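Here is query_28.txt, consisting of compact mmCIF, N, CA and C atoms:
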```txt
# COMPACT_ATOMS: atom_id res chain seq x y z
N MET A 233 -72.38 -91.13 69.39
CA MET A 233 -71.88 -92.48 69.52
C MET A 233 -73.09 -93.41 69.64
N LYS A 234 -73.10 -94.38 68.77
CA LYS A 234 -74.23 -95.32 68.77
C LYS A 234 -73.70 -96.70 69.13
N PHE A 235 -74.50 -97.39 69.92
CA PHE A 235 -74.13 -98.73 70.35
C PHE A 235 -75.34 -99.63 70.11
N LYS A 236 -75.15 -100.66 69.30
CA LYS A 236 -76.26 -101.55 68.98
C LYS A 236 -75.87 -102.97 69.39
N PHE A 237 -76.82 -103.63 70.10
CA PHE A 237 -76.58 -104.98 70.60
C PHE A 237 -77.78 -105.84 70.23
N SER A 238 -77.51 -106.97 69.61
CA SER A 238 -78.61 -107.84 69.20
C SER A 238 -78.31 -109.27 69.66
N LEU A 239 -79.20 -109.81 70.53
CA LEU A 239 -79.04 -111.18 71.00
C LEU A 239 -79.48 -112.18 69.93
N LYS A 240 -80.47 -111.78 69.17
CA LYS A 240 -81.01 -112.67 68.15
C LYS A 240 -79.95 -113.01 67.10
N ASP A 241 -79.26 -111.97 66.62
CA ASP A 241 -78.24 -112.18 65.59
C ASP A 241 -76.84 -112.39 66.19
N LYS A 242 -76.75 -112.28 67.49
CA LYS A 242 -75.48 -112.40 68.20
C LYS A 242 -74.42 -111.46 67.61
N GLU A 243 -74.79 -110.22 67.52
CA GLU A 243 -73.83 -109.25 67.00
C GLU A 243 -73.90 -107.95 67.81
N VAL A 244 -72.80 -107.31 67.80
CA VAL A 244 -72.67 -106.03 68.48
C VAL A 244 -72.06 -105.06 67.49
N SER A 245 -72.66 -103.90 67.38
CA SER A 245 -72.09 -102.89 66.49
C SER A 245 -72.00 -101.56 67.23
N MET A 246 -71.00 -100.82 66.86
CA MET A 246 -70.79 -99.54 67.51
C MET A 246 -70.32 -98.53 66.47
N GLU A 247 -70.92 -97.36 66.50
CA GLU A 247 -70.55 -96.28 65.60
C GLU A 247 -70.17 -95.09 66.45
N ALA A 248 -69.12 -94.41 66.04
CA ALA A 248 -68.69 -93.24 66.80
C ALA A 248 -68.35 -92.11 65.83
N ASP A 249 -68.77 -90.92 66.19
CA ASP A 249 -68.43 -89.74 65.43
C ASP A 249 -67.19 -89.13 66.08
N VAL A 250 -66.04 -89.53 65.58
CA VAL A 250 -64.77 -89.14 66.21
C VAL A 250 -64.53 -87.64 66.12
N GLU A 251 -64.90 -87.03 65.03
CA GLU A 251 -64.67 -85.60 64.87
C GLU A 251 -65.39 -84.80 65.95
N LYS A 252 -66.65 -85.17 66.23
CA LYS A 252 -67.39 -84.45 67.26
C LYS A 252 -66.77 -84.67 68.63
N LEU A 253 -66.31 -85.90 68.89
CA LEU A 253 -65.68 -86.18 70.18
C LEU A 253 -64.40 -85.36 70.35
N VAL A 254 -63.61 -85.26 69.28
CA VAL A 254 -62.37 -84.49 69.35
C VAL A 254 -62.69 -83.01 69.55
N GLU A 255 -63.65 -82.49 68.82
CA GLU A 255 -64.04 -81.09 68.97
C GLU A 255 -64.54 -80.81 70.38
N LYS A 256 -65.34 -81.72 70.90
CA LYS A 256 -65.86 -81.55 72.27
C LYS A 256 -64.72 -81.54 73.28
N GLY A 257 -63.75 -82.44 73.10
CA GLY A 257 -62.58 -82.48 74.00
C GLY A 257 -61.77 -81.20 73.92
N MET A 258 -61.59 -80.68 72.72
CA MET A 258 -60.83 -79.43 72.57
C MET A 258 -61.57 -78.26 73.21
N GLU A 259 -62.88 -78.23 73.06
CA GLU A 259 -63.67 -77.17 73.68
C GLU A 259 -63.55 -77.22 75.21
N GLN A 260 -63.55 -78.43 75.76
CA GLN A 260 -63.42 -78.57 77.20
C GLN A 260 -62.04 -78.11 77.67
N LYS A 261 -61.00 -78.41 76.89
CA LYS A 261 -59.65 -77.96 77.26
C LYS A 261 -59.56 -76.45 77.27
N VAL A 262 -60.21 -75.81 76.29
CA VAL A 262 -60.19 -74.35 76.23
C VAL A 262 -60.98 -73.77 77.40
N ALA A 263 -62.11 -74.37 77.70
CA ALA A 263 -62.97 -73.85 78.77
C ALA A 263 -62.35 -74.06 80.14
N LEU A 264 -61.68 -75.18 80.35
CA LEU A 264 -61.06 -75.47 81.64
C LEU A 264 -59.55 -75.60 81.47
N PRO A 265 -58.79 -74.51 81.71
CA PRO A 265 -57.34 -74.59 81.55
C PRO A 265 -56.73 -75.52 82.60
N GLU A 266 -55.50 -75.95 82.34
CA GLU A 266 -54.84 -76.88 83.26
C GLU A 266 -54.63 -76.21 84.61
N ARG A 267 -54.89 -76.96 85.66
CA ARG A 267 -54.71 -76.45 87.00
C ARG A 267 -53.28 -76.72 87.44
N LYS A 268 -52.75 -75.81 88.21
CA LYS A 268 -51.39 -75.97 88.71
C LYS A 268 -51.41 -76.79 90.00
N THR A 269 -50.37 -77.57 90.18
CA THR A 269 -50.26 -78.34 91.41
C THR A 269 -49.70 -77.45 92.50
N ARG A 270 -49.79 -77.91 93.73
CA ARG A 270 -49.26 -77.14 94.85
C ARG A 270 -47.76 -76.92 94.68
N TYR A 271 -47.07 -77.94 94.19
CA TYR A 271 -45.63 -77.83 93.99
C TYR A 271 -45.31 -76.74 92.98
N GLN A 272 -46.05 -76.69 91.87
CA GLN A 272 -45.83 -75.67 90.86
C GLN A 272 -46.08 -74.28 91.42
N ILE A 273 -47.12 -74.14 92.22
CA ILE A 273 -47.43 -72.84 92.83
C ILE A 273 -46.31 -72.42 93.76
N LYS A 274 -45.82 -73.36 94.60
CA LYS A 274 -44.72 -73.06 95.52
C LYS A 274 -43.47 -72.63 94.76
N GLN A 275 -43.13 -73.36 93.71
CA GLN A 275 -41.94 -73.03 92.93
C GLN A 275 -42.08 -71.66 92.28
N GLU A 276 -43.26 -71.34 91.80
CA GLU A 276 -43.50 -70.03 91.20
C GLU A 276 -43.34 -68.92 92.23
N GLU A 277 -43.86 -69.14 93.42
CA GLU A 277 -43.72 -68.15 94.49
C GLU A 277 -42.25 -67.99 94.89
N LYS A 278 -41.51 -69.10 94.94
CA LYS A 278 -40.08 -69.03 95.26
C LYS A 278 -39.35 -68.19 94.23
N ARG A 279 -39.64 -68.43 92.95
CA ARG A 279 -38.99 -67.65 91.89
C ARG A 279 -39.32 -66.18 91.99
N LYS A 280 -40.57 -65.86 92.29
CA LYS A 280 -40.97 -64.46 92.43
C LYS A 280 -40.24 -63.81 93.60
N ASN A 281 -40.16 -64.53 94.73
CA ASN A 281 -39.47 -63.99 95.90
C ASN A 281 -37.99 -63.79 95.62
N GLU A 282 -37.35 -64.74 94.93
CA GLU A 282 -35.94 -64.60 94.61
C GLU A 282 -35.71 -63.42 93.66
N ALA A 283 -36.59 -63.24 92.70
CA ALA A 283 -36.48 -62.11 91.78
C ALA A 283 -36.63 -60.79 92.54
N LEU A 284 -37.55 -60.74 93.49
CA LEU A 284 -37.75 -59.54 94.29
C LEU A 284 -36.53 -59.26 95.16
N LYS A 285 -35.96 -60.31 95.79
CA LYS A 285 -34.75 -60.13 96.60
C LYS A 285 -33.60 -59.62 95.75
N HIS A 286 -33.45 -60.20 94.56
CA HIS A 286 -32.38 -59.78 93.67
C HIS A 286 -32.54 -58.31 93.28
N LYS A 287 -33.76 -57.92 92.99
CA LYS A 287 -34.03 -56.53 92.62
C LYS A 287 -33.71 -55.58 93.78
N GLN A 288 -34.08 -55.98 95.01
CA GLN A 288 -33.79 -55.16 96.18
C GLN A 288 -32.29 -55.06 96.43
N GLU A 289 -31.57 -56.19 96.24
CA GLU A 289 -30.12 -56.17 96.43
C GLU A 289 -29.46 -55.25 95.42
N LEU A 290 -29.89 -55.29 94.17
CA LEU A 290 -29.34 -54.41 93.15
C LEU A 290 -29.61 -52.94 93.49
N THR A 291 -30.80 -52.68 94.00
CA THR A 291 -31.14 -51.31 94.39
C THR A 291 -30.22 -50.84 95.50
N LYS A 292 -29.96 -51.69 96.49
CA LYS A 292 -29.05 -51.34 97.58
C LYS A 292 -27.64 -51.10 97.07
N ILE A 293 -27.18 -51.94 96.15
CA ILE A 293 -25.83 -51.78 95.59
C ILE A 293 -25.73 -50.46 94.83
N TYR A 294 -26.70 -50.17 93.99
CA TYR A 294 -26.68 -48.91 93.23
C TYR A 294 -26.71 -47.71 94.16
N LEU A 295 -27.51 -47.78 95.21
CA LEU A 295 -27.60 -46.69 96.17
C LEU A 295 -26.27 -46.49 96.89
N SER A 296 -25.64 -47.58 97.31
CA SER A 296 -24.36 -47.46 98.02
C SER A 296 -23.27 -46.93 97.09
N ILE A 297 -23.27 -47.35 95.82
CA ILE A 297 -22.30 -46.82 94.86
C ILE A 297 -22.53 -45.34 94.65
N GLY A 298 -23.77 -44.92 94.56
CA GLY A 298 -24.09 -43.51 94.40
C GLY A 298 -23.64 -42.67 95.58
N ILE A 299 -23.90 -43.16 96.78
CA ILE A 299 -23.48 -42.44 97.98
C ILE A 299 -21.96 -42.36 98.05
N PHE A 300 -21.28 -43.47 97.75
CA PHE A 300 -19.82 -43.50 97.76
C PHE A 300 -19.26 -42.50 96.74
N ALA A 301 -19.83 -42.45 95.55
CA ALA A 301 -19.38 -41.51 94.52
C ALA A 301 -19.62 -40.07 94.97
N ALA A 302 -20.76 -39.82 95.62
CA ALA A 302 -21.05 -38.47 96.10
C ALA A 302 -20.04 -38.06 97.18
N ILE A 303 -19.67 -38.95 98.07
CA ILE A 303 -18.69 -38.64 99.12
C ILE A 303 -17.33 -38.37 98.50
N ILE A 304 -16.92 -39.15 97.52
CA ILE A 304 -15.63 -38.93 96.85
C ILE A 304 -15.62 -37.57 96.16
N ILE A 305 -16.69 -37.23 95.45
CA ILE A 305 -16.78 -35.93 94.77
C ILE A 305 -16.74 -34.81 95.80
N LEU A 306 -17.45 -34.95 96.91
CA LEU A 306 -17.45 -33.94 97.96
C LEU A 306 -16.05 -33.77 98.56
N CYS A 307 -15.34 -34.88 98.77
CA CYS A 307 -13.97 -34.80 99.30
C CYS A 307 -13.04 -34.10 98.32
N LEU A 308 -13.20 -34.37 97.03
CA LEU A 308 -12.35 -33.72 96.02
C LEU A 308 -12.63 -32.22 95.98
N ILE A 309 -13.90 -31.84 96.03
CA ILE A 309 -14.24 -30.42 96.01
C ILE A 309 -13.70 -29.72 97.26
N MET A 310 -13.82 -30.35 98.40
CA MET A 310 -13.31 -29.74 99.63
C MET A 310 -11.79 -29.65 99.60
N ALA A 311 -11.12 -30.62 99.03
CA ALA A 311 -9.66 -30.58 98.93
C ALA A 311 -9.22 -29.45 98.02
N ILE A 312 -9.95 -29.21 96.95
CA ILE A 312 -9.61 -28.12 96.03
C ILE A 312 -9.81 -26.77 96.69
N PHE A 313 -10.91 -26.56 97.39
CA PHE A 313 -11.22 -25.27 98.00
C PHE A 313 -10.37 -24.95 99.22
N PHE A 314 -9.98 -25.93 100.00
CA PHE A 314 -9.26 -25.66 101.24
C PHE A 314 -7.75 -25.84 101.12
N GLU A 315 -7.20 -25.78 99.92
CA GLU A 315 -5.76 -25.85 99.78
C GLU A 315 -5.12 -24.54 99.98
```
Can you turn what I pasted into structure tokens?
Amino acid sequence: MKFKFSLKDKEVSMEADVEKLVEKGMEQKVALPERKTRYQIKQEEKRKNEALKHKQELTKIYLSIGIFAAIIILCLIMAIFFE
């Protein structure tokens, strides 16, 4: 970027290499990714915690269904043998 100022001729001229400026800006964006705000970090943590809770709840439900099915099968087998 060139800036020329002349009091004698009372003129000001400016030249800019826009392509280089754009390339430099793009390089800076690649080098420094966008930072997350505190709010974004909190929301991300909330989502992770909710996903973990949901996964744990599903695990508990599957386990209880399995135990219930095992008890029913055990009761049926005992009913057949002790008749």
Axis-aligned box over every listed atom of stretch 282-294 of chain A, padded by 4 Å per side: centre and edges in Å to one decimal, as lines of an AutoDock Vina configuration file?
```
center_x = -31.7
center_y = -56.2
center_z = 94.7
size_x = 20.0
size_y = 25.0
size_z = 13.8
```
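Between atom C of A:Lys236 and atom C of A:Glu259 lies a distance of 29.1 Å.
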Record the distance separating atom N of A:Ile304 and atom CA of A:Lys292, expressed in Å with one decimal.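 According to the coordinates, atom N of A:Ile304 and atom CA of A:Lys292 are separated by 17.2 Å.
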So the first atom is atom C of A:Phe313 and the second is atom N of A:Ile299; what is the distance between them in Å, to one decimal place? 22.8 Å
DSSP on the backbone, then: every residue of chain A marked strand (DSSP E or B), written as a list in words. Lys234, Phe235, Lys236, Phe237, Ser238, Glu243, Val244, Ser245, Met246 and Glu247 of chain A
Members of stretch 235-264 of chain A assigned alpha helix (DSSP H) by DSSP, as an MDAnalysis selection string: chainID A and resid 250:263
